[in-house]
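Structure first, commentary second.
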Amino acid sequence: MLSFIRIFNLTIFIIFTAFYSYQIYYVLLALSKKSKNLYASKNHKYAVVIAARNESAVIGQLINSIKKQNYPDELLDIYVVADNCTDNTAEVAKNAGAYIFERFNKHLIGKGYALDYAFKNILNLNKGYEAYFVFDADNLLDENYVGEMNKVFDNGYKIITSYRNSKNYDTNWLSAGYSLWFLREAKYLNNPRMILNTGCAISGTGFLVSDDIIRKNKGWKHHLLTEDIEFTIDNAIRGEKIGYCGNAVVYDEQPYKFKQSWNQRLRWAKGFYQVFAKYGLDLIKAIFTKKSFYCYDMFVTIMPALFLTLVSVAVNLAVFLAGLISIDTYPWLMEETLGAILLSVLNSYMVLFVLGLITTVTEWKKINAPKVKKIKYMFSFPVFIFTYLPISIAALLKFKKIEWQPITHSIAKTIEELKF
């Protein structure tokens, strides 16, 4: 029994390494090479689309940061879809300078449906927009955001994601955990993907999509619980590369209450299962038939870690229970089994700590937090990732329908307060 669990854990580690070893190269590439500078031959006409539900506390600051862009005002319009709001979000957004669509639908709930409603209304206006920015209401933009994204769009990319920073990194270990993960995703995943000219991944907010794609899709057709991942995977299968602009910085508010974090990540985990169920077979086919590394990268993003972790937890728990039942007959078994499990946890902690350490060190000046907290939250980052384990299990076993739930945003900072 003991030799089995040691061999099993080693096998899981080897499989993990086989799937994810290319990301070590990503890190080395990001540390050693810079993205090439891109230039725009013209300024394009854009619309900003914001889906908001009861966001009166923060949406005014987002619109103000858009109004302050170093980009021609006449080429940038702002649209807010006030989705099932019970507060004065629409009024606040209108007073700040946005065009408003109000939507009331208690059956089709979620950001994807709100975006679809907004896009269909905008398309009917025929104002000649070439692409659309998508933001969440709690976001803030660096003043050069649109200009930098315009450079990448002008170079032929139809979908572009950006550098995702945080408004409230220093609130607690939860907000810091989210923030470090998104910083790592930008710097050490999307950045090297862009350098290698493979496809990137959309992560929730702060992205651009061309009018061509919106019209081809007849609006926003992605309505699973993680519409951003669904959008990414769908485009990867179709061969549409997503670009990345590291000079375009968007700030957003991260959850800092555990219940909110649990509910949000429960939706994410369930959404990953949904995306894999819907697109997994086509994604795997594309890896081999199209010889697409992009599709392999996206396959690894949505499934192997989750699946291997769940299998590992199940087997280790079963062996632990077997040792507990036979503790009188084989007292050494429990001690040896616990040792093997603890060693596996320690190895995982160290890998995650190194990822957090590298990200913190290289992005140090971009993290809006006191030095002590930057250091402290490197150590809590692996714990934050570990909390995905019970969440992923709950999402797999939960029979009650998991639905999109709004996250309350209350960090009403201005973009000027994030400059330091």
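Simple scheme: letters A, B, ... for chains in structure tokens order, numbers from 1 for residues in each chain, numbers from 1 for ligands in the order shown.
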Open item on the list: Set the distance at 9 Å and use only C-alpha atoms: which residues neighbour Ile229 of chain A once local chain neighbours fewer than 3 positions away are removed? I'd like the list as a list in words.
Closed with: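 Everything that qualifies: Ala201, Ile202, Ser203, Gly204, Leu224, Thr226, Thr232, Ile233, Asp234, Gly271, Phe272, Val275 and Ile302 of chain A.
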Task: Neighbour list for Glu227 of chain A as a list in words, cut-off 8 Å, only C-alpha atoms, skip fewer than 4 positions in-chain - done: Lys111, Gly112, Gly204, His222, His223 and Phe231 of chain A
Task: For segment 303-305 of chain A: contacts at 10 Å, only C-alpha atoms, fewer than 5 positions along chain excluded, given as a list in words - done: Ile15, Phe16, Phe19, Tyr20, Phe272, Tyr273, Val275, Phe276, Gly280, Met298, Leu310 and Val311 of chain A
If you keep N, CA and C atoms, can you produce a file of those selected residues as a short mmCIF file (atom, residue, chain, number, x, y, z; two decimals), in the first residue's frame?
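Written output follows (result-v1.cif):
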```cif
data_model
loop_
_atom_site.label_atom_id
_atom_site.label_comp_id
_atom_site.auth_asym_id
_atom_site.auth_seq_id
_atom_site.Cartn_x
_atom_site.Cartn_y
_atom_site.Cartn_z
N ILE A 15 3.28 13.26 -14.77
CA ILE A 15 2.27 13.63 -15.76
C ILE A 15 2.06 15.14 -15.77
N PHE A 16 1.98 15.73 -14.56
CA PHE A 16 1.87 17.19 -14.45
C PHE A 16 3.02 17.86 -15.20
N PHE A 19 2.72 17.66 -18.99
CA PHE A 19 1.73 18.58 -19.55
C PHE A 19 2.19 20.04 -19.51
N TYR A 20 2.84 20.42 -18.41
CA TYR A 20 3.08 21.85 -18.15
C TYR A 20 4.53 22.30 -18.28
N PHE A 272 -15.63 25.72 -16.26
CA PHE A 272 -14.55 24.98 -16.92
C PHE A 272 -15.06 23.59 -17.32
N TYR A 273 -15.82 22.94 -16.42
CA TYR A 273 -16.40 21.64 -16.77
C TYR A 273 -17.32 21.78 -17.97
N VAL A 275 -17.31 24.08 -20.37
CA VAL A 275 -16.55 24.37 -21.59
C VAL A 275 -15.91 23.10 -22.13
N PHE A 276 -15.33 22.31 -21.24
CA PHE A 276 -14.68 21.08 -21.69
C PHE A 276 -15.70 20.10 -22.26
N GLY A 280 -14.43 20.14 -25.64
CA GLY A 280 -13.25 19.31 -25.40
C GLY A 280 -12.86 18.42 -26.56
N MET A 298 -4.51 25.72 -24.81
CA MET A 298 -5.83 25.98 -24.25
C MET A 298 -6.43 24.74 -23.59
N LEU A 310 -8.02 16.29 -8.91
CA LEU A 310 -9.16 15.57 -8.34
C LEU A 310 -8.87 14.08 -8.19
N VAL A 311 -8.23 13.49 -9.20
CA VAL A 311 -7.86 12.07 -9.12
C VAL A 311 -6.87 11.85 -7.99
#
```
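Summary of the local environment: counting only C-alpha atoms, residues at most 8 Å from segment 290-296 of chain A, other than itself and those fewer than 3 positions away along its chain, are A:Thr198, A:Gly199, A:Ile233, A:Ala236, A:Ile237, A:Leu283, A:Ile284, A:Lys285, A:Ala286, A:Ile287, A:Phe299, A:Val300.
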Open item on the list: So that I can check the secondary structure, give me every residue of segment 183-239 of chain A assigned alpha helix (DSSP H) by backbone DSSP, as a PyMOL selection string.
Closed with: chain A and resi 183-185+191-196+211-216+227-238
Task: Secondary structure check, strand (DSSP E or B) residues of segment 110-283 of chain A, as a PyMOL selection string - done: chain A and resi 131-136+140-141+159-166+207-210+242-252
Could you write out that same residue set with N, CA and C atoms as a short mmCIF file (atom, residue, chain, number, x, y, z; two decimals), in the first residue's frame?
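What follows is the written file out-v6.cif:
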```
data_model
loop_
_atom_site.label_atom_id
_atom_site.label_comp_id
_atom_site.auth_asym_id
_atom_site.auth_seq_id
_atom_site.Cartn_x
_atom_site.Cartn_y
_atom_site.Cartn_z
N ALA A 131 -14.25 48.01 -33.77
CA ALA A 131 -14.05 47.01 -32.72
C ALA A 131 -14.67 47.51 -31.42
N TYR A 132 -14.72 46.61 -30.43
CA TYR A 132 -15.39 46.91 -29.17
C TYR A 132 -14.52 46.50 -27.98
N PHE A 133 -14.37 47.41 -27.04
CA PHE A 133 -13.73 47.09 -25.76
C PHE A 133 -14.79 46.56 -24.81
N VAL A 134 -14.43 45.54 -24.04
CA VAL A 134 -15.34 44.98 -23.04
C VAL A 134 -14.69 45.12 -21.67
N PHE A 135 -15.39 45.80 -20.76
CA PHE A 135 -14.91 45.98 -19.39
C PHE A 135 -16.01 45.63 -18.40
N ASP A 136 -15.59 45.31 -17.18
CA ASP A 136 -16.51 45.20 -16.05
C ASP A 136 -16.61 46.55 -15.37
N LEU A 140 -10.74 50.16 -13.93
CA LEU A 140 -10.16 51.47 -14.20
C LEU A 140 -9.10 51.28 -15.27
N LEU A 141 -8.92 52.29 -16.13
CA LEU A 141 -7.96 52.18 -17.23
C LEU A 141 -6.81 53.17 -17.08
N ILE A 159 -8.80 40.04 -31.97
CA ILE A 159 -9.14 39.92 -30.55
C ILE A 159 -7.86 40.17 -29.77
N ILE A 160 -7.95 41.01 -28.74
CA ILE A 160 -6.74 41.39 -27.98
C ILE A 160 -7.09 41.45 -26.50
N THR A 161 -6.25 40.86 -25.68
CA THR A 161 -6.38 40.99 -24.23
C THR A 161 -5.28 41.90 -23.70
N SER A 162 -5.36 42.26 -22.42
CA SER A 162 -4.44 43.27 -21.89
C SER A 162 -3.86 42.85 -20.54
N TYR A 163 -3.05 43.75 -19.97
CA TYR A 163 -2.37 43.50 -18.69
C TYR A 163 -3.35 43.79 -17.56
N ARG A 164 -3.66 42.78 -16.77
CA ARG A 164 -4.69 42.90 -15.72
C ARG A 164 -4.04 43.10 -14.35
N ASN A 165 -4.20 44.28 -13.81
CA ASN A 165 -3.69 44.62 -12.48
C ASN A 165 -4.86 44.76 -11.52
N SER A 166 -4.57 45.12 -10.26
CA SER A 166 -5.60 45.13 -9.23
C SER A 166 -5.73 46.47 -8.52
N PHE A 207 -10.63 43.44 -22.67
CA PHE A 207 -10.26 42.90 -23.96
C PHE A 207 -10.98 43.64 -25.09
N LEU A 208 -10.50 43.40 -26.30
CA LEU A 208 -11.02 44.04 -27.51
C LEU A 208 -11.42 42.96 -28.50
N VAL A 209 -12.57 43.14 -29.15
CA VAL A 209 -13.00 42.20 -30.18
C VAL A 209 -13.50 42.98 -31.38
N SER A 210 -13.13 42.53 -32.56
CA SER A 210 -13.44 43.28 -33.78
C SER A 210 -14.92 43.21 -34.13
N ILE A 242 -5.67 35.12 -30.57
CA ILE A 242 -5.92 36.26 -29.69
C ILE A 242 -4.58 36.90 -29.35
N GLY A 243 -4.49 38.21 -29.55
CA GLY A 243 -3.27 38.94 -29.25
C GLY A 243 -3.23 39.44 -27.82
N TYR A 244 -2.08 40.02 -27.45
CA TYR A 244 -1.89 40.53 -26.08
C TYR A 244 -1.15 41.85 -26.15
N CYS A 245 -1.60 42.81 -25.33
CA CYS A 245 -0.94 44.11 -25.25
C CYS A 245 -0.53 44.37 -23.80
N GLY A 246 0.75 44.18 -23.51
CA GLY A 246 1.25 44.34 -22.15
C GLY A 246 1.33 45.79 -21.69
N ASN A 247 1.29 46.72 -22.63
CA ASN A 247 1.35 48.15 -22.27
C ASN A 247 -0.02 48.74 -21.97
N ALA A 248 -1.08 47.98 -22.20
CA ALA A 248 -2.44 48.43 -21.89
C ALA A 248 -2.84 47.84 -20.54
N VAL A 249 -2.96 48.69 -19.53
CA VAL A 249 -3.17 48.23 -18.16
C VAL A 249 -4.60 48.52 -17.72
N VAL A 250 -5.29 47.47 -17.27
CA VAL A 250 -6.62 47.60 -16.68
C VAL A 250 -6.54 47.15 -15.22
N TYR A 251 -7.18 47.91 -14.35
CA TYR A 251 -7.23 47.58 -12.93
C TYR A 251 -8.64 47.11 -12.59
N ASP A 252 -8.76 46.06 -11.79
CA ASP A 252 -10.09 45.67 -11.34
C ASP A 252 -10.07 45.28 -9.87
#
```
Open item on the list: Env of Val27 of chain A: 9 Å cut, atoms = only C-alpha atoms, seq-sep filter 5 positions within chain, self excluded. Answer as a list in words.
Closed with: Tyr22, Ser32, Lys187, Tyr188, Leu189, Pro192 and Ile358 of chain A
Selection to disk with N, CA and C atoms, as a compact mmCIF listing (two decimals), in the first residue's frame:
```txt
# COMPACT_ATOMS: atom_id res chain seq x y z
N TYR A 22 6.23 23.08 -20.78
CA TYR A 22 6.42 24.18 -21.74
C TYR A 22 6.24 25.54 -21.07
N SER A 32 13.69 36.81 -20.47
CA SER A 32 14.86 37.08 -21.32
C SER A 32 14.56 37.87 -22.59
N LYS A 187 1.90 38.30 -17.46
CA LYS A 187 3.34 38.37 -17.68
C LYS A 187 3.94 37.06 -18.18
N TYR A 188 3.49 35.94 -17.61
CA TYR A 188 4.17 34.67 -17.89
C TYR A 188 3.36 33.66 -18.70
N LEU A 189 2.16 34.05 -19.14
CA LEU A 189 1.42 33.20 -20.06
C LEU A 189 1.12 33.98 -21.36
N PRO A 192 4.50 35.63 -23.18
CA PRO A 192 5.31 34.75 -24.03
C PRO A 192 4.53 34.17 -25.22
N ILE A 358 8.46 34.71 -8.28
CA ILE A 358 8.95 35.27 -9.54
C ILE A 358 8.05 36.40 -10.01
```
Task: One-decimal distance in Å that lies between atom CA of Ile59 of chain A and atom CA of His409 of chain A - done: 9.6 Å
Open item on the list: Could you tell me how far atom CA of Asp142 of chain A sits from atom CA of Lys366 of chain A, in Å to one decimal place?
Closed with: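 Atom-to-atom, atom CA of Lys366 of chain A to atom CA of Asp142 of chain A, that is 12.1 Å.
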- [ ] Name all residues at most 9 Å from Asp138 of chain A (count only C-alpha atoms; drop same-chain ones fewer than 4 positions away) and give them as a PyMOL selection string.
- [x] chain A and resi 52+55+57-59+61-62+251-253+409-412
Open item on the list: One decimal, in Å: what's the spacing between atom CA of Gly239 of chain A and atom CA of Lys127 of chain A?
Closed with: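 Atom-to-atom, atom CA of Gly239 of chain A and atom CA of Lys127 of chain A are spaced 28.5 Å apart.
Nearest to Ile78 of chain A of all the residues A:Ile367, A:Ala118, A:Ile407, A:Ala394 is A:Ala118, counting only C-alpha atoms.
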Task: Distance criterion (only C-alpha atoms): nearest to Tyr256 of chain A out of A:Phe384, A:Tyr157, A:Phe8, A:Phe379 - done: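 Closest to Tyr256 of chain A, using only C-alpha atoms: A:Phe384.
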Neighbours of segment 342-347 of chain A within 9 Å (only C-alpha atoms; same-chain residues fewer than 3 positions away dropped), as a JSON list (two decimals) with C-alpha atoms, in the first residue's frame?
```
[["chain", "number", "residue", "atom", "x", "y", "z"],
["A", 9, "ASN", "CA", 2.08, 10.47, -6.37],
["A", 10, "LEU", "CA", 5.33, 10.35, -8.35],
["A", 13, "PHE", "CA", 3.94, 14.60, -10.62],
["A", 337, "THR", "CA", 0.84, 7.37, 4.31],
["A", 338, "LEU", "CA", 0.64, 10.76, 6.03],
["A", 339, "GLY", "CA", 4.29, 11.31, 5.25],
["A", 350, "MET", "CA", 6.96, 25.12, -3.19],
["A", 351, "VAL", "CA", 6.12, 25.11, -6.91],
["A", 352, "LEU", "CA", 3.30, 27.61, -6.36]]
```
Task: Residue among A:Asn124, A:Asn197, A:Asn235, A:Ser56 lying closest to Ile213 of chain A, counting only C-alpha atoms - done: A:Asn235
- [ ] For each of A:Glu403, A:Ile12, A:Gln260, A:Asp77, take the minimum atom-to-atom distance to Ser348 of chain A, counting only C-alpha atoms, then give the residue where this is smallest.
- [x]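 So, comparing all the options, the nearest one is A:Ile12.
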Open item on the list: Just checking: using only C-alpha atoms, which residue out of A:Leu29, A:Leu75, A:Ile24, A:Ile391 ends up closest to Leu266 of chain A?
Closed with: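 Checking each of A:Leu29, A:Leu75, A:Ile24, A:Ile391 against Leu266 of chain A, counting only C-alpha atoms, the winner is A:Ile391.
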